[in-house]
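Trainee: Here it is: the structure, laid out below.
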Amino acid sequence: MRKKPRSGPDTGVVSAACAGDRQALDHLLTQCLPLVYNIVGRALNGHADVDDVVQETLLRMVRGLPKLRDPAAFRSWLVAITIRQVRDREQARAADRDRRAHLEDAEAITDPALDFAGLTILRLGLTEQRREVVEATRWLDPDDQELLSLWWLEETGELERAELAGALGLSDRHASVRVQRMKKQMEVSRVVVRALVAAPRCAELDETASTWDGTPSALWRKRFARHIRGCGVCEGLDEGLLPMDRLLSGLPLVAVPARFDVSQLLDAVPTAVPSGHGGTRRRHGRRSGRIGGKQVVGGSAAVAVAVVAALVAPRLTGGSSSTTAAASPAPVASVTPSPTRSASPSKSPTPKAKPSPSPSKHIAAAPAHIASGAKKGVGVWTFGGVSQALAASGANWYYTWSTQHSGITTPSSGSFVPMIWGAKSVTDSSLAQARQYGPYLLGFNEPDMAQQSNMTVEQALQLWPKLMAAGKILGSPAVAYGGDTAGGWLDRFMSGAEAKGYRVDFITLHWYGGDFRTPQAVEQLKSYLAAVYARYHKPIWLTEYALIDFSQGTRFPSAQQQADFVTASTKALDGLSYVRRYAWFGLGADASKPSSGLFTDGTTTTAAGRAFQSAD
């Protein structure tokens, strides 16, 4: 049952804000932020530009308040501004794509860590039909995705039909026709989703999909739907479909990101705001923070309000790269793994001067400042004090090269990501364990290395549907090197997955640098990642990286060189929008040997460990 529509902000508050009352304006911004964030988040499919569009919408609202004649019409006026900003952003992005071809101007991508649909699935443990609805949104026309955003707000009582219609510039009757058409397209899209994941899949549908690039679109929705309507094998797939409003009723709320501190909005960006005397005055503030390389408003103060989790699946895109990689631990490691690897191809020049390995200097961890960035993670194996070290590291996420983390306690501020390590790990029990942890699943570990999972491309492709069936946001196999190489292991896997219509949501990579000079190492890492991104156009998770030279045995940099690289590389990775997460190799370190590890026990850090703690 539809909830009773919420009333708009008190007209007295709106009037006071229009007259220049700063307290009333702050209150008004706090009230309207969830609505704006929800509309933009859904309409843009959780795209990385959501923050910017929300910010610009609120700024336009502030600038326009002095001209608002009817305070009672505030919500309708605000929704119309929001939709206009969404459309302006789409038009500007389309024009930019036509005008530019450089990598820096490529379309930004959705962050799996901030994926609204992923959050919905994670928090609800969605039924299969709810999952189908989330996936089906990817097949809608852009206009219908925009309308879906507004319609669901209407269903949950956030908007009235008149506000929905006004935002689209339509009459109530025309808006009703549009809504019915959108809902019909959603039902068609749900059937298409069912047909594509059917096991076994219709042979004629496979033939129809032979030239499909794997990207959902309105054109391919129509082609697949045409086949399904006339196919005896596919008929009946629409049986038992529940209405969307029934499926999605009662969805939990998620908080607006804490980075949106409305009390700082007016100081964050130059804009004209109402003065206390009814006029306007100029603010010459500056933006106060960066999220994913983009300027956004806000600081640390959280806005204690909630919005319905967005129900659109992201258009995941990302990239490619190559260089030396290091050995990964076995699926369950009880001791510190010792990186050993035959010389692998590397694009990092070996420095002429080769300092001999020197043990890292170990000092007690100082908890004065432990930063925890959204991307920052670490590979973890068991050792004395591992749980205490993990909590003190500031890592936002971790993995163990396995589907479980026996003996390791997940910090309250962190999360565990499971991995299917190799062919022998593709079991019902392992996949069941993986389903217990969050929305993500990592694919095979270094299948291109004989010492690691050692799999052929054909073997990996044969097993991949079982990983897809886990229903997770799925990362590619993590190759040791050559991720950007045409005809390399990863390239052949991705080509095979595309040909078979298999889903790969993001690219997983390893990288180890043999050049210990910090600026050069960072540039080599960035170059590799950029090359991988350019090849595959999918988000990237860098799940192992450090400075270790495998070209002639195993050689480590000095403790200070490793620490300097931690500081510089984490800053660089945080600035790359297509790099969604990264994990340092690794948490544990042997106090008697050189390594890239961060902690020798639960409280004692290496120089690299302290640098990692401080990395934002």
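Just remember, in the structure tokens the first chain shown is A, the second B, etc., residues are 1-based per chain, and ligands are 1-based in the order shown.
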Using 9 Å as the limit and counting only C-alpha atoms, can you tabulate each residue of range 155-186 of chain A that touches range 61-83 of chain A, with its shortest atom-to-atom distance in Å and the two atoms involved, as a Markdown table?

Mentor:
| residue | atom | partner | partner_atom | distance |
| --- | --- | --- | --- | --- |
| A:Leu159 | CA | A:Arg75 | CA | 8.6 |
| A:Ala162 | CA | A:Ser76 | CA | 8.0 |
| A:Glu163 | CA | A:Ser76 | CA | 5.0 |
| A:Leu164 | CA | A:Val79 | CA | 7.9 |
| A:Gly166 | CA | A:Ala80 | CA | 6.7 |
| A:Ala167 | CA | A:Ala80 | CA | 4.1 |
| A:Leu168 | CA | A:Ala80 | CA | 7.2 |
| A:Gly169 | CA | A:Ala80 | CA | 8.3 |

Trainee: Those residues you just picked out, can you put them in a file as a compact mmCIF listing (two decimals), in the first residue's frame with all heavy atoms?

Mentor:
# COMPACT_ATOMS: atom_id res chain seq x y z
N LEU A 159 6.91 11.75 -2.97
CA LEU A 159 6.42 12.72 -3.94
C LEU A 159 4.94 12.48 -4.21
O LEU A 159 4.44 11.37 -4.02
CB LEU A 159 7.18 12.60 -5.27
CG LEU A 159 8.64 13.02 -5.34
CD1 LEU A 159 9.16 12.79 -6.75
CD2 LEU A 159 8.82 14.47 -4.93
N ALA A 162 1.43 15.17 -8.79
CA ALA A 162 1.57 16.51 -9.37
C ALA A 162 3.03 16.95 -9.38
O ALA A 162 3.48 17.61 -10.32
CB ALA A 162 0.73 17.51 -8.58
N GLU A 163 3.79 16.57 -8.35
CA GLU A 163 5.21 16.93 -8.30
C GLU A 163 6.00 16.14 -9.35
O GLU A 163 6.90 16.67 -9.99
CB GLU A 163 5.75 16.67 -6.90
CG GLU A 163 5.17 17.59 -5.85
CD GLU A 163 5.57 17.21 -4.43
OE1 GLU A 163 5.69 16.00 -4.15
OE2 GLU A 163 5.74 18.13 -3.61
N LEU A 164 5.64 14.85 -9.50
CA LEU A 164 6.29 14.04 -10.53
C LEU A 164 6.03 14.64 -11.91
O LEU A 164 6.96 14.80 -12.71
CB LEU A 164 5.77 12.61 -10.45
CG LEU A 164 6.32 11.58 -11.44
CD1 LEU A 164 6.28 10.18 -10.83
CD2 LEU A 164 5.55 11.57 -12.76
N GLY A 166 5.10 17.69 -12.69
CA GLY A 166 5.71 19.01 -12.82
C GLY A 166 7.19 18.92 -13.12
O GLY A 166 7.73 19.72 -13.90
N ALA A 167 7.87 17.96 -12.50
CA ALA A 167 9.31 17.81 -12.74
C ALA A 167 9.60 17.44 -14.18
O ALA A 167 10.65 17.81 -14.72
CB ALA A 167 9.88 16.75 -11.80
N LEU A 168 8.67 16.71 -14.81
CA LEU A 168 8.86 16.28 -16.19
C LEU A 168 8.25 17.25 -17.19
O LEU A 168 8.38 17.07 -18.40
CB LEU A 168 8.23 14.89 -16.39
CG LEU A 168 8.82 13.76 -15.54
CD1 LEU A 168 8.01 12.49 -15.72
CD2 LEU A 168 10.28 13.53 -15.89
N GLY A 169 7.55 18.26 -16.68
CA GLY A 169 6.91 19.22 -17.56
C GLY A 169 5.72 18.64 -18.28
O GLY A 169 5.43 19.00 -19.43

Trainee: Which neighbours of Ser429 in chain A fall inside 12 Å, counting only C-alpha atoms, when residues of the same chain fewer than 5 positions from it are skipped, and could you give them as a PyMOL selection string?

Mentor: chain A and resi 403-404+420+424+434-436+470

Trainee: When you draw a straight line from CA of Asp601 in chain A to CA of Trp381 in chain A, how long is it in Å?

Mentor: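 Taking CA of Asp601 in chain A as the start and CA of Trp381 in chain A as the end point, the length is 12.1 Å.
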
Trainee: Taking only range 473-608 of chain A into account, list the residues labelled strand (DSSP E or B) by DSSP (computed from the backbone), as a PyMOL selection string.

Mentor: chain A and resi 473-475+478-479+506-513+538+540-547+549+555+579-584+588+599+604-606

Trainee: With distances taken over only C-alpha atoms, which residue among A:Ile548, A:Pro539, A:Ser149, A:Ala589 lies nearest Ser577 in chain A?

Mentor: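 Closest candidate: A:Pro539.
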
Trainee: With only C-alpha atoms as the basis for distance, which of A:Gln180, A:Gln388, A:Gln552, A:Gln185 is at the shortest distance from Phe599 in chain A?

Mentor: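 Going through A:Gln180, A:Gln388, A:Gln552, A:Gln185 one by one, the smallest distance to Phe599 in chain A is for A:Gln388.
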
Trainee: Could you find all residues in range 388-601 of chain A that DSSP calls helix (DSSP H, G or I) from the backbone, and write them as a ChimeraX atom specification?

Mentor: /A:388-393,423-425,428-434,457-468,489-500,518-536,559-574

Trainee: So, with only C-alpha atoms as the atoms that count, which of A:Ala389, A:Tyr399, A:Leu140, A:Val479 lies closest to Thr606 in chain A?

Mentor: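 Nearest to Thr606 in chain A: A:Ala389.
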
Trainee: Of the candidates A:Ala395, A:Met468, A:Leu35, A:Leu44, which shows the shortest atom-to-atom distance to Pro142 in chain A, using only C-alpha atoms?

Mentor: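 Answer, going by the shortest atom-to-atom distance: A:Leu44.
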